[in-house]
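Structure below is work_28.pdb: PDB, C-alpha atoms (C1' of nucleotides).
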```
ATOM      1  CA  MET A1289      -9.990 -30.419 -12.227
ATOM      2  CA  GLU A1290      -9.472 -30.564  -8.554
ATOM      3  CA  ALA A1291     -11.690 -28.945  -6.005
ATOM      4  CA  ALA A1292     -10.523 -25.631  -4.747
ATOM      5  CA  PRO A1293     -10.870 -25.266  -1.005
ATOM      6  CA  ALA A1294     -13.926 -23.200  -0.224
ATOM      7  CA  PRO A1295     -12.819 -19.628   0.251
ATOM      8  CA  GLU A1296     -13.673 -18.509   3.729
ATOM      9  CA  ILE A1297     -16.503 -16.042   4.081
ATOM     10  CA  LEU A1298     -17.250 -14.590   7.487
ATOM     11  CA  ARG A1299     -20.599 -12.954   8.102
ATOM     12  CA  VAL A1300     -21.423 -11.153  11.296
ATOM     13  CA  GLY A1301     -24.423  -8.885  11.306
ATOM     14  CA  PRO A1302     -24.012  -6.373   8.500
ATOM     15  CA  ILE A1303     -20.371  -7.263   8.067
ATOM     16  CA  GLU A1304     -18.938  -9.660   5.558
ATOM     17  CA  ILE A1305     -15.290 -10.567   5.338
ATOM     18  CA  ARG A1306     -13.463 -12.485   2.653
ATOM     19  CA  PRO A1307      -9.940 -12.888   3.911
ATOM     20  CA  ALA A1308      -8.748 -14.575   0.752
ATOM     21  CA  GLU A1309      -9.695 -11.505  -1.245
ATOM     22  CA  TYR A1310      -8.350  -9.032   1.288
ATOM     23  CA  ARG A1311     -11.830  -7.654   1.418
ATOM     24  CA  ALA A1312     -14.366  -6.631   4.037
ATOM     25  CA  LEU A1313     -17.820  -5.235   3.438
ATOM     26  CA  ALA A1314     -19.969  -3.210   5.791
ATOM     27  CA  GLY A1315     -23.508  -3.131   4.551
ATOM     28  CA  ASP A1316     -22.575  -3.431   0.932
ATOM     29  CA  GLN A1317     -19.758  -0.964   0.949
ATOM     30  CA  MET A1318     -16.205  -2.114   0.701
ATOM     31  CA  LEU A1319     -14.115  -1.097   3.657
ATOM     32  CA  ALA A1320     -10.742   0.399   2.866
ATOM     33  CA  LEU A1321      -8.674  -1.334   5.486
ATOM     34  CA  THR A1322      -4.961  -1.631   6.007
ATOM     35  CA  PRO A1323      -3.437  -5.082   6.431
ATOM     36  CA  HIS A1324      -3.435  -5.005  10.227
ATOM     37  CA  GLU A1325      -6.915  -3.560  10.388
ATOM     38  CA  LEU A1326      -8.238  -6.335   8.201
ATOM     39  CA  GLU A1327      -6.481  -8.997  10.223
ATOM     40  CA  LEU A1328      -7.795  -7.599  13.454
ATOM     41  CA  LEU A1329     -11.337  -7.450  12.150
ATOM     42  CA  THR A1330     -10.987 -10.993  10.871
ATOM     43  CA  ALA A1331      -9.666 -12.220  14.195
ATOM     44  CA  LEU A1332     -12.577 -10.628  16.006
ATOM     45  CA  ALA A1333     -15.079 -11.947  13.485
ATOM     46  CA  ARG A1334     -13.809 -15.492  13.896
ATOM     47  CA  ARG A1335     -14.542 -15.099  17.589
ATOM     48  CA  ALA A1336     -17.714 -13.093  17.190
ATOM     49  CA  GLY A1337     -19.832 -12.767  20.301
ATOM     50  CA  ARG A1338     -16.987 -13.788  22.582
ATOM     51  CA  ILE A1339     -14.762 -11.554  24.641
ATOM     52  CA  VAL A1340     -11.227 -11.756  23.321
ATOM     53  CA  ASP A1341      -8.338 -10.445  25.367
ATOM     54  CA  ARG A1342      -5.615  -8.237  23.966
ATOM     55  CA  LYS A1343      -2.968 -10.874  24.300
ATOM     56  CA  GLU A1344      -4.801 -13.243  22.007
ATOM     57  CA  LEU A1345      -5.648 -10.545  19.485
ATOM     58  CA  TYR A1346      -2.119  -9.264  19.412
ATOM     59  CA  GLU A1347      -0.586 -12.679  18.986
ATOM     60  CA  VAL A1348      -2.941 -13.601  16.191
ATOM     61  CA  VAL A1349      -2.569 -10.360  14.266
ATOM     62  CA  TRP A1350       1.059  -9.491  14.940
ATOM     63  CA  SER A1351       2.401 -13.024  15.266
ATOM     64  CA  ARG A1352       4.456 -12.287  18.348
ATOM     65  CA  GLU A1353       4.182 -11.809  22.062
ATOM     66  CA  LEU A1354       2.373  -8.844  23.490
ATOM     67  CA  ARG A1355       4.669  -6.663  25.543
ATOM     68  CA  PRO A1356       3.496  -5.337  28.906
ATOM     69  CA  ASP A1357       2.532  -1.785  27.984
ATOM     70  CA  ASP A1358       1.776  -2.171  24.314
ATOM     71  CA  ARG A1359      -1.363  -0.297  23.281
ATOM     72  CA  SER A1360      -1.373  -1.375  19.648
ATOM     73  CA  VAL A1361      -4.594  -3.342  19.929
ATOM     74  CA  ASP A1362      -6.415  -0.361  21.404
ATOM     75  CA  VAL A1363      -5.146   1.902  18.671
ATOM     76  CA  TYR A1364      -6.230  -0.447  15.930
ATOM     77  CA  VAL A1365      -9.593  -1.071  17.536
ATOM     78  CA  ARG A1366     -10.115   2.644  17.441
ATOM     79  CA  ARG A1367      -9.244   2.861  13.757
ATOM     80  CA  LEU A1368     -11.503  -0.033  12.952
ATOM     81  CA  ARG A1369     -14.354   1.533  14.871
ATOM     82  CA  ALA A1370     -13.897   4.766  12.960
ATOM     83  CA  LYS A1371     -14.081   3.062   9.585
ATOM     84  CA  LEU A1372     -16.997   0.877  10.617
ATOM     85  CA  ALA A1373     -18.912   3.818  12.046
ATOM     86  CA  LYS A1374     -18.598   5.629   8.782
ATOM     87  CA  GLU A1375     -20.276   2.846   6.851
ATOM     88  CA  LEU A1376     -22.610   1.704   9.608
ATOM     89  CA  PRO A1377     -23.944   4.760  11.368
ATOM     90  CA  GLY A1378     -26.110   3.793  14.317
ATOM     91  CA  TRP A1379     -24.383   0.488  14.883
ATOM     92  CA  THR A1380     -22.181  -0.511  17.738
ATOM     93  CA  VAL A1381     -19.923  -3.200  16.463
ATOM     94  CA  ILE A1382     -16.955  -3.614  18.782
ATOM     95  CA  HIS A1383     -17.677  -3.652  22.495
ATOM     96  CA  THR A1384     -15.151  -2.957  25.207
ATOM     97  CA  HIS A1385     -15.043  -5.184  28.265
ATOM     98  CA  VAL A1386     -12.951  -3.325  30.743
ATOM     99  CA  GLY A1387     -10.262  -5.462  32.196
ATOM    100  CA  PHE A1388     -10.903  -8.279  29.748
ATOM    101  CA  GLY A1389     -10.769  -7.264  26.127
ATOM    102  CA  TYR A1390     -12.994  -6.643  23.139
ATOM    103  CA  ARG A1391     -16.017  -8.374  21.674
ATOM    104  CA  LEU A1392     -17.396  -8.185  18.168
ATOM    105  CA  SER A1393     -21.157  -8.226  18.007
ATOM    106  CA  PRO A1394     -22.858  -5.668  15.808
ATOM    107  CA  GLU A1395     -25.869  -4.116  17.466
ATOM    108  CA  ASN A1396     -28.256  -1.773  15.848
ATOM    109  CA  SER A1397     -29.117   1.158  18.048
ATOM    110  CA  HIS A1398     -32.547   1.475  16.429
ATOM    111  CA  VAL A1399     -31.714   3.500  13.407
ATOM    112  CA  PHE A1400     -33.440   3.009  10.103
ATOM    113  CA  HIS A1401     -30.607   2.213   7.784
ATOM    114  CA  THR A1402     -32.007   3.065   4.412
ATOM    115  CA  PRO A1403     -29.410   4.218   1.915
ATOM    116  CA  ALA A1404     -31.279   7.447   1.604
ATOM    117  CA  THR A1405     -30.615   9.256  -1.613
ATOM    118  CA  PRO A1406     -30.391  12.886  -0.568
ATOM    119  CA  GLU A1407     -31.615  15.071  -3.377
TER     120      GLU A1407
ATOM    121  CA  MET B1353     -16.033 -32.148 -32.525
ATOM    122  CA  GLU B1354     -17.366 -29.651 -30.177
ATOM    123  CA  ALA B1355     -18.508 -26.269 -31.211
ATOM    124  CA  ALA B1356     -15.992 -23.504 -31.044
ATOM    125  CA  PRO B1357     -16.441 -21.745 -27.722
ATOM    126  CA  ALA B1358     -17.702 -18.228 -28.028
ATOM    127  CA  PRO B1359     -14.670 -15.978 -28.262
ATOM    128  CA  GLU B1360     -14.203 -14.317 -24.932
ATOM    129  CA  ILE B1361     -15.082 -10.664 -24.714
ATOM    130  CA  LEU B1362     -14.412  -8.869 -21.477
ATOM    131  CA  ARG B1363     -16.215  -5.640 -20.775
ATOM    132  CA  VAL B1364     -15.455  -3.575 -17.728
ATOM    133  CA  GLY B1365     -16.725  -0.047 -17.675
ATOM    134  CA  PRO B1366     -15.440   1.714 -20.781
ATOM    135  CA  ILE B1367     -12.956  -1.044 -21.486
ATOM    136  CA  GLU B1368     -13.410  -3.943 -23.827
ATOM    137  CA  ILE B1369     -10.908  -6.728 -24.270
ATOM    138  CA  ARG B1370     -10.838  -9.468 -26.864
ATOM    139  CA  PRO B1371      -8.031 -11.743 -25.787
ATOM    140  CA  ALA B1372      -8.468 -13.978 -28.810
ATOM    141  CA  GLU B1373      -7.790 -11.047 -31.077
ATOM    142  CA  TYR B1374      -4.986  -9.647 -28.959
ATOM    143  CA  ARG B1375      -6.689  -6.348 -28.665
ATOM    144  CA  ALA B1376      -8.235  -4.014 -26.146
ATOM    145  CA  LEU B1377     -10.417  -0.968 -26.547
ATOM    146  CA  ALA B1378     -10.796   1.983 -24.247
ATOM    147  CA  GLY B1379     -13.858   3.956 -25.165
ATOM    148  CA  ASP B1380     -13.741   3.245 -28.889
ATOM    149  CA  GLN B1381     -10.061   3.663 -29.246
ATOM    150  CA  MET B1382      -7.829   0.717 -29.668
ATOM    151  CA  LEU B1383      -5.112   0.490 -27.085
ATOM    152  CA  ALA B1384      -1.605  -0.100 -28.343
ATOM    153  CA  LEU B1385      -0.469  -2.583 -25.745
ATOM    154  CA  THR B1386       2.511  -4.853 -25.609
ATOM    155  CA  PRO B1387       1.921  -8.554 -24.956
ATOM    156  CA  HIS B1388       2.546  -8.350 -21.226
ATOM    157  CA  GLU B1389       0.514  -5.202 -20.875
ATOM    158  CA  LEU B1390      -2.403  -6.884 -22.572
ATOM    159  CA  GLU B1391      -2.079  -9.990 -20.454
ATOM    160  CA  LEU B1392      -1.931  -7.953 -17.297
ATOM    161  CA  LEU B1393      -5.002  -5.968 -18.265
ATOM    162  CA  THR B1394      -6.790  -9.183 -19.136
ATOM    163  CA  ALA B1395      -5.858 -10.793 -15.848
ATOM    164  CA  LEU B1396      -7.157  -7.782 -13.973
ATOM    165  CA  ALA B1397     -10.313  -7.631 -16.065
ATOM    166  CA  ARG B1398     -11.122 -11.265 -15.385
ATOM    167  CA  ARG B1399     -10.962 -10.393 -11.705
ATOM    168  CA  ALA B1400     -12.575  -6.990 -12.006
ATOM    169  CA  GLY B1401     -13.691  -5.455  -8.752
ATOM    170  CA  ARG B1402     -11.552  -7.773  -6.693
ATOM    171  CA  ILE B1403      -8.213  -7.049  -5.116
ATOM    172  CA  VAL B1404      -5.562  -9.183  -6.761
ATOM    173  CA  ASP B1405      -2.164  -9.560  -5.199
ATOM    174  CA  ARG B1406       1.100  -9.232  -7.091
ATOM    175  CA  LYS B1407       1.945 -12.877  -6.711
ATOM    176  CA  GLU B1408      -1.183 -13.975  -8.538
ATOM    177  CA  LEU B1409      -0.813 -11.357 -11.236
ATOM    178  CA  TYR B1410       2.801 -12.202 -11.817
ATOM    179  CA  GLU B1411       2.197 -15.922 -11.982
ATOM    180  CA  VAL B1412      -0.684 -15.523 -14.404
ATOM    181  CA  VAL B1413       1.069 -13.086 -16.705
ATOM    182  CA  TRP B1414       4.660 -14.292 -16.516
ATOM    183  CA  SER B1415       3.947 -17.964 -15.880
ATOM    184  CA  ARG B1416       6.500 -18.316 -13.150
ATOM    185  CA  GLU B1417       7.086 -17.617  -9.498
ATOM    186  CA  LEU B1418       7.375 -14.068  -8.263
ATOM    187  CA  ARG B1419      10.765 -13.399  -6.753
ATOM    188  CA  PRO B1420      11.007 -11.498  -3.485
ATOM    189  CA  ASP B1421      11.953  -8.049  -4.722
ATOM    190  CA  ASP B1422      10.572  -8.138  -8.219
ATOM    191  CA  ARG B1423       8.785  -4.903  -9.135
ATOM    192  CA  SER B1424       7.667  -5.953 -12.592
ATOM    193  CA  VAL B1425       3.985  -5.842 -11.753
ATOM    194  CA  ASP B1426       4.265  -2.299 -10.459
ATOM    195  CA  VAL B1427       6.128  -1.190 -13.542
ATOM    196  CA  TYR B1428       3.570  -2.713 -15.868
ATOM    197  CA  VAL B1429       0.678  -1.324 -13.882
ATOM    198  CA  ARG B1430       2.227   2.073 -14.348
ATOM    199  CA  ARG B1431       2.522   1.625 -18.117
ATOM    200  CA  LEU B1432      -1.034   0.377 -18.322
ATOM    201  CA  ARG B1433      -2.250   3.324 -16.331
ATOM    202  CA  ALA B1434      -0.426   5.700 -18.617
ATOM    203  CA  LYS B1435      -1.999   4.237 -21.743
ATOM    204  CA  LEU B1436      -5.431   4.029 -20.190
ATOM    205  CA  ALA B1437      -5.250   7.582 -18.906
ATOM    206  CA  LYS B1438      -4.476   8.804 -22.370
ATOM    207  CA  GLU B1439      -7.657   7.309 -23.791
ATOM    208  CA  LEU B1440      -9.800   7.735 -20.703
ATOM    209  CA  PRO B1441      -8.998  11.081 -19.160
ATOM    210  CA  GLY B1442     -10.871  11.589 -15.921
ATOM    211  CA  TRP B1443     -11.138   7.895 -15.176
ATOM    212  CA  THR B1444      -9.444   5.959 -12.472
ATOM    213  CA  VAL B1445      -9.201   2.421 -13.655
ATOM    214  CA  ILE B1446      -6.621   0.551 -11.610
ATOM    215  CA  HIS B1447      -6.724   1.060  -7.867
ATOM    216  CA  THR B1448      -3.843   0.380  -5.523
ATOM    217  CA  HIS B1449      -4.495  -1.404  -2.253
ATOM    218  CA  VAL B1450      -1.382  -0.875  -0.243
ATOM    219  CA  GLY B1451      -0.101  -4.066   1.244
ATOM    220  CA  PHE B1452      -2.495  -6.184  -0.836
ATOM    221  CA  GLY B1453      -2.345  -5.559  -4.547
ATOM    222  CA  TYR B1454      -4.322  -3.944  -7.359
ATOM    223  CA  ARG B1455      -7.977  -3.799  -8.306
ATOM    224  CA  LEU B1456      -9.523  -3.037 -11.664
ATOM    225  CA  SER B1457     -12.710  -1.040 -11.439
ATOM    226  CA  PRO B1458     -13.078   1.933 -13.723
ATOM    227  CA  GLU B1459     -14.469   4.932 -11.918
ATOM    228  CA  ASN B1460     -15.348   8.231 -13.358
ATOM    229  CA  SER B1461     -13.644  10.843 -11.263
ATOM    230  CA  HIS B1462     -16.933  12.646 -11.037
ATOM    231  CA  VAL B1463     -19.283  12.732  -8.099
ATOM    232  CA  PHE B1464     -19.299   9.794  -5.849
ATOM    233  CA  HIS B1465     -22.282   8.807  -3.800
ATOM    234  CA  THR B1466     -20.732   9.937  -0.581
ATOM    235  CA  PRO B1467     -23.428  10.370   2.084
ATOM    236  CA  ALA B1468     -22.540  13.903   2.950
ATOM    237  CA  THR B1469     -19.382  14.190   4.948
ATOM    238  CA  PRO B1470     -18.776  17.903   4.984
ATOM    239  CA  GLU B1471     -15.463  18.625   6.568
TER     240      GLU B1471
ATOM    241  C1'  DA C 869      26.028  -7.010 -41.688
ATOM    242  C1'  DA C 870      24.866  -2.863 -39.377
ATOM    243  C1'  DG C 871      21.713   0.001 -37.455
ATOM    244  C1'  DG C 872      17.211   1.193 -35.648
ATOM    245  C1'  DC C 873      13.370   0.019 -32.993
ATOM    246  C1'  DG C 874      10.287  -2.020 -29.651
ATOM    247  C1'  DC C 875       9.819  -4.796 -25.655
ATOM    248  C1'  DC C 876      11.549  -6.552 -21.359
ATOM    249  C1'  DT C 877      14.112  -6.377 -17.107
ATOM    250  C1'  DT C 878      16.184  -4.151 -13.480
ATOM    251  C1'  DT C 879      17.555  -0.412 -10.582
ATOM    252  C1'  DA C 880      17.561   3.905  -7.952
ATOM    253  C1'  DC C 881      15.333   7.378  -5.760
ATOM    254  C1'  DA C 882      11.149  10.157  -4.376
ATOM    255  C1'  DC C 883       7.009   9.986  -2.253
ATOM    256  C1'  DC C 884       3.285   8.475   0.521
ATOM    257  C1'  DA C 885       0.469   5.085   3.438
ATOM    258  C1'  DT C 886       0.920   2.477   7.226
ATOM    259  C1'  DC C 887       2.838   1.267  11.591
ATOM    260  C1'  DT C 888       4.624   2.228  16.086
ATOM    261  C1'  DT C 889       4.920   4.722  20.009
ATOM    262  C1'  DC C 890       3.864   8.263  23.123
ATOM    263  C1'  DA C 891       1.474  11.697  26.059
ATOM    264  C1'  DC C 892      -2.456  13.086  27.868
ATOM    265  C1'  DA C 893      -7.588  13.114  28.464
ATOM    266  C1'  DG C 894     -11.486  10.691  30.158
ATOM    267  C1'  DG C 895     -13.828   7.000  32.718
ATOM    268  C1'  DT C 896     -14.599   3.585  36.247
ATOM    269  C1'  DC C 897     -14.313   1.641  40.685
ATOM    270  C1'  DG C 898     -12.748   1.020  45.275
TER     271       DG C 898
ATOM    272  C1'  DC D 755      -9.534  11.000  45.916
ATOM    273  C1'  DG D 756      -6.296   7.629  44.014
ATOM    274  C1'  DA D 757      -5.257   3.711  41.062
ATOM    275  C1'  DC D 758      -6.050   1.651  37.048
ATOM    276  C1'  DC D 759      -7.906   1.092  32.526
ATOM    277  C1'  DT D 760      -9.269   2.755  27.884
ATOM    278  C1'  DG D 761      -9.997   6.629  24.304
ATOM    279  C1'  DT D 762      -7.769   9.850  21.433
ATOM    280  C1'  DG D 763      -4.663  12.575  18.636
ATOM    281  C1'  DA D 764      -0.397  13.112  16.802
ATOM    282  C1'  DA D 765       4.682  12.566  15.610
ATOM    283  C1'  DG D 766       8.340  10.092  13.842
ATOM    284  C1'  DA D 767       9.946   5.616  11.913
ATOM    285  C1'  DT D 768       9.196   2.178   8.677
ATOM    286  C1'  DG D 769       8.072   0.105   4.602
ATOM    287  C1'  DG D 770       5.376  -0.116   0.224
ATOM    288  C1'  DT D 771       4.452   2.102  -4.167
ATOM    289  C1'  DG D 772       5.178   5.656  -8.024
ATOM    290  C1'  DT D 773       8.263   6.985 -11.358
ATOM    291  C1'  DA D 774      12.030   7.573 -14.586
ATOM    292  C1'  DA D 775      15.484   5.671 -17.016
ATOM    293  C1'  DA D 776      19.396   2.625 -18.494
ATOM    294  C1'  DG D 777      20.857  -1.549 -20.683
ATOM    295  C1'  DG D 778      19.998  -6.082 -22.948
ATOM    296  C1'  DC D 779      17.952  -8.697 -26.401
ATOM    297  C1'  DG D 780      15.586  -9.972 -30.613
ATOM    298  C1'  DC D 781      13.592  -8.556 -34.891
ATOM    299  C1'  DC D 782      13.025  -5.746 -38.813
ATOM    300  C1'  DT D 783      14.791  -2.669 -42.252
ATOM    301  C1'  DT D 784      18.238  -1.082 -45.075
TER     302       DT D 784
END
```
Written as structure tokens, how would this file's structure read?
Amino acid sequence: MEAAPAPEILRVGPIEIRPAEYRALAGDQMLALTPHELELLTALARRAGRIVDRKELYEVVWSRELRPDDRSVDVYVRRLRAKLAKELPGWTVIHTHVGFGYRLSPENSHVFHTPATPE
Amino acid sequence: MEAAPAPEILRVGPIEIRPAEYRALAGDQMLALTPHELELLTALARRAGRIVDRKELYEVVWSRELRPDDRSVDVYVRRLRAKLAKELPGWTVIHTHVGFGYRLSPENSHVFHTPATPE
DNA sequence: AAGGCGCCTTTACACCATCTTCACAGGTCG
DNA sequence: CGACCTGTGAAGATGGTGTAAAGGCGCCTT
């Protein structure tokens, strides 16, 4: 048989993304993301730790030019943050760099993240 | 000659499939499936827990390329769901991931482990 | 040979998730 | 304070999926 190309697996902090499977995990929970949300997260993860401007993010995710007053990236960053926060309470994952763009680098505020079993 | 390979038996939650015998069980009841229904269920079961897109499902089950507006997979997923629901009331077996595809992972519609999100 | 039956394919329409866009609130910096 | 940037919520547009059903075909029964 021939060798299948290694399926890409991106790991950044508590986040794991498998683009080929349309899947992203936070901790060990699967994130229910929409297509654009997943692509945006993937784009950020591939550039983890670096500041990425909106133009680049938009062009990678939407495959077209960013128009002057388009706020799509902001809106999707917000949705991503909401879904990430739900699975990763106490973490700050996407950082805003005013005037420049966004940066993915998960930081733990200090919280003990034990999957407590409330009973 | 080499030994006969162990006949494949797929078990996923309350579902058991024996492709070699052309049969599938839900709970202890035998499912009356048509050939394509069985193949679709088998394809999903072999990829249980993962999101599988329509293109892959179609190519595996129908052995040809998926045409642009073909809805066959959706139609067969519906029929599968109907037959599964009949034998497994209260279970959600096939999950839809809008924009991506389907995922087989039987879940009892009972309590989830949702870390308290009172709203 | 004719009819009945089951399976497959395709289509049309209803419904719902996602996407796009907007208005306004809040924040930062000079 | 004023200018600019980002956060937020929400509405309408778009597009994907759920659903029902008709028609074709082959096979079995009579």
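Of note, atom C1' of C:DC890 and atom CA of A:Val1365 are spaced 17.3 Å apart.
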Do you have, as a Markdown table, the list of residues of chain A lying at most 10 Å from chain C, each with its nearest atom pair and that distance in Å to one decimal, counting all atoms listed in the file and ordered by chain then number?
```
| residue | atom | partner | partner_atom | distance |
| --- | --- | --- | --- | --- |
| A:Thr1322 | CA | C:DT886 | C1' | 7.3 |
| A:Pro1323 | CA | C:DT886 | C1' | 8.8 |
| A:His1324 | CA | C:DC887 | C1' | 9.0 |
| A:Asp1358 | CA | C:DT889 | C1' | 8.7 |
| A:Arg1359 | CA | C:DT889 | C1' | 8.7 |
| A:Ser1360 | CA | C:DT888 | C1' | 7.9 |
| A:Val1386 | CA | C:DT896 | C1' | 9.0 |
```
Dump as a PyMOL selection string the residues of chain B that approach chain D to within 8 Å, counting only C-alpha atoms (C1' of nucleotides). chain B and resi 1426+1430+1450-1451
Could you do a least-squares fit of chain A on chain B over every C-alpha atom, in sequence order, and give the output as a short mmCIF file (atom, residue, chain, number, x, y, z; two decimals) with C-alpha atoms, keeping the file's coordinate frame?
```cif
data_model
loop_
_atom_site.label_atom_id
_atom_site.label_comp_id
_atom_site.auth_asym_id
_atom_site.auth_seq_id
_atom_site.Cartn_x
_atom_site.Cartn_y
_atom_site.Cartn_z
CA MET A 1289 -20.95 -23.69 -40.45
CA GLU A 1290 -19.45 -24.58 -37.17
CA ALA A 1291 -19.90 -22.63 -34.00
CA ALA A 1292 -17.14 -20.26 -33.18
CA PRO A 1293 -16.15 -20.36 -29.53
CA ALA A 1294 -17.67 -17.41 -27.74
CA PRO A 1295 -15.09 -14.66 -27.62
CA GLU A 1296 -14.30 -13.84 -24.05
CA ILE A 1297 -15.59 -10.56 -22.73
CA LEU A 1298 -14.59 -9.46 -19.25
CA ARG A 1299 -16.60 -6.77 -17.52
CA VAL A 1300 -15.58 -5.30 -14.21
CA GLY A 1301 -17.21 -2.08 -13.16
CA PRO A 1302 -16.67 0.47 -15.90
CA ILE A 1303 -14.05 -1.68 -17.56
CA GLU A 1304 -14.58 -4.03 -20.43
CA ILE A 1305 -11.90 -6.24 -21.89
CA ARG A 1306 -11.95 -8.28 -25.06
CA PRO A 1307 -8.71 -10.20 -25.08
CA ALA A 1308 -9.35 -11.72 -28.48
CA GLU A 1309 -9.50 -8.26 -30.00
CA TYR A 1310 -6.55 -6.91 -28.04
CA ARG A 1311 -8.92 -4.33 -26.72
CA ALA A 1312 -9.87 -2.82 -23.38
CA LEU A 1313 -12.43 -0.12 -22.76
CA ALA A 1314 -12.72 2.20 -19.79
CA GLY A 1315 -16.10 3.83 -19.75
CA ASP A 1316 -16.52 3.74 -23.47
CA GLN A 1317 -13.08 4.89 -24.39
CA MET A 1318 -10.59 2.51 -25.84
CA LEU A 1319 -7.47 2.18 -23.76
CA ALA A 1320 -4.20 2.35 -25.63
CA LEU A 1321 -2.35 -0.42 -23.89
CA THR A 1322 0.87 -2.20 -24.67
CA PRO A 1323 0.87 -6.00 -24.83
CA HIS A 1324 2.06 -6.50 -21.26
CA GLU A 1325 -0.27 -3.87 -19.91
CA LEU A 1326 -3.22 -5.55 -21.55
CA GLU A 1327 -2.21 -8.95 -20.28
CA LEU A 1328 -1.77 -7.66 -16.78
CA LEU A 1329 -5.14 -5.96 -16.80
CA THR A 1330 -6.70 -9.13 -18.16
CA ALA A 1331 -5.07 -11.26 -15.50
CA LEU A 1332 -6.35 -8.96 -12.79
CA ALA A 1333 -9.81 -8.81 -14.32
CA ARG A 1334 -10.07 -12.58 -14.41
CA ARG A 1335 -9.41 -12.50 -10.68
CA ALA A 1336 -11.41 -9.39 -9.95
CA GLY A 1337 -12.15 -8.75 -6.30
CA ARG A 1338 -9.44 -11.12 -5.14
CA ILE A 1339 -5.97 -10.26 -3.93
CA VAL A 1340 -3.43 -11.61 -6.38
CA ASP A 1341 0.22 -11.85 -5.42
CA ARG A 1342 3.04 -10.68 -7.64
CA LYS A 1343 4.31 -14.15 -8.26
CA GLU A 1344 1.06 -15.25 -9.82
CA LEU A 1345 0.69 -12.09 -11.87
CA TYR A 1346 4.22 -12.28 -13.12
CA GLU A 1347 3.99 -15.91 -14.09
CA VAL A 1348 0.73 -15.42 -15.92
CA VAL A 1349 1.81 -12.32 -17.82
CA TRP A 1350 5.49 -13.03 -18.41
CA SER A 1351 5.27 -16.82 -18.60
CA ARG A 1352 8.28 -17.41 -16.40
CA GLU A 1353 9.37 -17.43 -12.80
CA LEU A 1354 9.49 -14.25 -10.81
CA ARG A 1355 12.99 -13.46 -9.64
CA PRO A 1356 13.56 -12.31 -6.06
CA ASP A 1357 13.93 -8.57 -6.56
CA ASP A 1358 12.00 -8.07 -9.75
CA ARG A 1359 9.77 -5.00 -9.64
CA SER A 1360 8.21 -5.42 -13.06
CA VAL A 1361 4.72 -6.01 -11.72
CA ASP A 1362 4.84 -2.82 -9.68
CA VAL A 1363 6.04 -0.83 -12.66
CA TYR A 1364 3.30 -2.14 -14.89
CA VAL A 1365 0.64 -1.65 -12.25
CA ARG A 1366 1.71 1.95 -12.12
CA ARG A 1367 1.42 2.37 -15.87
CA LEU A 1368 -1.96 0.73 -15.90
CA ARG A 1369 -3.17 2.97 -13.10
CA ALA A 1370 -2.02 6.02 -15.02
CA LYS A 1371 -3.91 5.05 -18.15
CA LEU A 1372 -7.00 4.04 -16.21
CA ALA A 1373 -6.99 7.23 -14.18
CA LYS A 1374 -6.96 9.25 -17.34
CA GLU A 1375 -10.14 7.66 -18.62
CA LEU A 1376 -11.78 7.11 -15.24
CA PRO A 1377 -11.12 10.14 -13.10
CA GLY A 1378 -12.48 9.65 -9.60
CA TRP A 1379 -12.19 5.89 -9.69
CA THR A 1380 -9.85 3.70 -7.77
CA VAL A 1381 -9.42 0.57 -9.77
CA ILE A 1382 -6.34 -1.30 -8.60
CA HIS A 1383 -5.85 -1.62 -4.87
CA THR A 1384 -2.56 -2.37 -3.17
CA HIS A 1385 -2.46 -4.90 -0.35
CA VAL A 1386 0.86 -4.40 1.29
CA GLY A 1387 2.72 -7.60 1.71
CA PHE A 1388 0.25 -9.55 -0.40
CA GLY A 1389 -0.32 -8.13 -3.84
CA TYR A 1390 -2.88 -6.25 -5.89
CA ARG A 1391 -6.63 -6.43 -6.26
CA LEU A 1392 -8.81 -5.20 -9.08
CA SER A 1393 -12.09 -3.76 -7.96
CA PRO A 1394 -13.16 -0.44 -9.42
CA GLU A 1395 -14.59 1.89 -6.81
CA ASN A 1396 -16.16 5.19 -7.50
CA SER A 1397 -15.01 7.85 -5.10
CA HIS A 1398 -18.31 9.71 -5.45
CA VAL A 1399 -17.68 11.69 -8.55
CA PHE A 1400 -20.37 12.41 -11.08
CA HIS A 1401 -18.98 10.94 -14.23
CA THR A 1402 -20.85 12.77 -16.92
CA PRO A 1403 -18.91 13.19 -20.13
CA ALA A 1404 -19.26 16.90 -19.75
CA THR A 1405 -18.92 18.78 -22.98
CA PRO A 1406 -16.91 21.83 -22.03
CA GLU A 1407 -17.90 24.72 -24.23
#
```
Enclosing box along x, y and z for every listed atom of stretch 1373-1391 of chain A, padded 8 Å each side, centre and size in Å, one decimal, as JSON:
```
{"center_x": -18.2, "center_y": -1.4, "center_z": 19.5, "size_x": 31.8, "size_y": 30.0, "size_z": 41.3}
```
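Atom pair atom CA of B:Ile1361 / atom CA of B:Val1427: separated by 25.8 Å.
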Could you list, as an MDAnalysis selection string, every residue of chain B that has an atom within 7 Å of an atom of chain A, counting all atoms listed in the file? chainID B and resid 1402:1403 1451:1452
Hey, can you pull every residue with an atom no more than 7 Å from (-14.1, 2.2, -14.8), using only C-alpha atoms (C1' of nucleotides), and send it as a list in words? Val1364, Gly1365, Pro1366, Trp1443, Thr1444, Val1445, Ser1457, Pro1458, Glu1459 and Asn1460 of chain B
Residues selected by the PyMOL selection byres ((chain A and resi 1298) around 10), written as JSON, numbers by chain: {"A": [1295, 1296, 1297, 1299, 1300, 1301, 1303, 1304, 1305, 1306, 1307, 1312, 1330, 1333, 1334, 1336]}
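Here atom CA of B:Arg1455 and atom CA of A:Leu1319 stand 13.7 Å from one another.
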